[in-house]
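Take a look at the structure below.
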2 protein chains.
Amino acid sequence: MILSHMDNHLNRFFAALSDPTRRAVIERLAEGPATVSDLARPHDMALPSFLKHLRVLEEGGLIASEKKGRVRTVHIEAAPLAEAEDWLNRQRRTWEGRLDRLDALARRLDRGGD
Amino acid sequence: MILSHMDNHLNRFFAALSDPTRRAVIERLAEGPATVSDLARPHDMALPSFLKHLRVLEEGGLIASEKKGRVRTVHIEAAPLAEAEDWLNRQRRTWEGRLDRLDALARRLDRGGD
């Protein structure tokens with residue numbers, strides 16, 4: 001199997017979301033950018049552990065950050081979120097399309113049996 | 001942080017999707033149920049390795065299977081796919097809602113500056 005760039009991207013994206021702390025960070029950042037200390041505050045965890053979670057999100061392309069003086073501000077990256085949502089959406093539509101076709105077939109068979 | 005049942009569910013779900021072989025299986029199953037050997041065929045991999053991928057998908061709640069005689073047939077579980085899609089969708093809408101508000105604010109400030 002050819003491992004495309006897109007595949008690689010989705011691997012790291014979905015792996016990054018497989019943790020509740022990291023999903024909570026994304027939920028917070030969806031409301032707007034935040035500093036690292038604001039992001040860390042609600043999580044009962046040592047700062048180095050928390051920073052490790054941020055690094056996984058950054059490597060997964062879900063967030064980016066900039067530093068101004070001593071304050072690092074983090075923001076969400078919208079494009080990969082949309083890409084993963086599209087992937088799930090395509091699977092659901094394929095699946096629902098199949099169910100619709102089965103349903104139509106069942107109704108045709110039903111009418112044929114009258 | 002309280003680790004809810006739903007959290008646990010999404011952890012395993014997203015981890016299951018962080019692999020291209022497993023995503024390919026889901027793409028195939030979105031088109032309809034398939035036997036294990038049909039699913040394995042396009043993948044250049046020993047059967048035990050492939051079965052391990054199916055197990056991860058099953059533990060993540062994405063697929064289920066039934067055995068009839070010697071043939072095991074696998075189907076997709078639609079509900080968790082929809083749940084993960086909803087989660088991503090909520091983040092995107094929160095994010096886009098914020099951009100819309102910023103945009104409206106920028107236009108108001110712009111008019112004020114005329």
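Residue names in the structure tokens use chain letters A, B, ... in the order shown, residue numbers from 1 in each chain, and ligand numbers from 1 in the order shown.
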Write out as JSON, numbers by chain all residues of chain A that DSSP puts in alpha helix (DSSP H) for this structure's backbone. {"A": [5, 6, 7, 8, 9, 10, 11, 12, 13, 14, 15, 16, 20, 21, 22, 23, 24, 25, 26, 27, 28, 29, 30, 36, 37, 38, 39, 40, 47, 48, 49, 50, 51, 52, 53, 54, 55, 56, 57, 58, 59, 78, 79, 80, 81, 82, 83, 84, 85, 86, 87, 88, 89, 90, 91, 92, 93, 94, 95, 96, 97, 98, 99, 100, 101, 102, 103, 104, 105, 106, 107, 108, 109, 110, 111, 112]}
With only C-alpha atoms considered, list every residue of chain A at most 6 Å from chain B, as a list in words.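 That gives Asn11, Phe14, Ala15, Ser18, Asp19, Ala30, Glu31, Glu85, Leu88, Gln91, Thr94 and Trp95 of chain A for chain A.
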Taking the chain letters and numbering used in this document, name the residues of range 1-113 of chain A that DSSP puts in strand (DSSP E), as a CSV table (one decimal) with N, CA and C atoms, in the first residue's frame.
```csv
chain,number,residue,atom,x,y,z
A,34,ALA,N,-5.5,31.0,23.1
A,34,ALA,CA,-5.3,31.1,24.6
A,34,ALA,C,-3.8,31.0,24.8
A,35,THR,N,-3.4,31.5,26.0
A,35,THR,CA,-2.0,31.3,26.4
A,35,THR,C,-1.8,29.9,26.9
A,63,ILE,N,-2.8,22.4,16.1
A,63,ILE,CA,-2.6,23.7,16.7
A,63,ILE,C,-1.3,24.3,16.2
A,64,ALA,N,-1.2,25.7,16.4
A,64,ALA,CA,0.1,26.3,16.2
A,64,ALA,C,0.2,27.4,17.3
A,65,SER,N,1.4,27.9,17.5
A,65,SER,CA,1.6,28.9,18.5
A,65,SER,C,2.6,30.0,18.1
A,66,GLU,N,2.5,31.1,18.8
A,66,GLU,CA,3.5,32.2,18.6
A,66,GLU,C,3.9,32.7,20.0
A,67,LYS,N,5.2,33.2,20.1
A,67,LYS,CA,5.7,33.7,21.3
A,67,LYS,C,5.9,35.2,21.2
A,68,LYS,N,5.4,35.9,22.2
A,68,LYS,CA,5.6,37.4,22.3
A,68,LYS,C,6.1,37.7,23.7
A,71,VAL,N,5.2,35.2,26.8
A,71,VAL,CA,3.9,34.6,26.7
A,71,VAL,C,3.7,33.9,25.3
A,72,ARG,N,3.4,32.6,25.4
A,72,ARG,CA,3.2,31.8,24.2
A,72,ARG,C,1.7,31.6,24.0
A,73,THR,N,1.2,32.1,22.9
A,73,THR,CA,-0.3,32.0,22.6
A,73,THR,C,-0.5,30.9,21.6
A,74,VAL,N,-1.5,30.1,21.8
A,74,VAL,CA,-1.8,28.9,21.0
A,74,VAL,C,-3.1,29.1,20.3
A,75,HIS,N,-3.2,28.8,19.0
A,75,HIS,CA,-4.5,28.8,18.3
A,75,HIS,C,-4.7,27.5,17.5
A,76,ILE,N,-5.9,27.3,17.2
A,76,ILE,CA,-6.4,26.1,16.5
A,76,ILE,C,-6.0,26.2,15.0
```
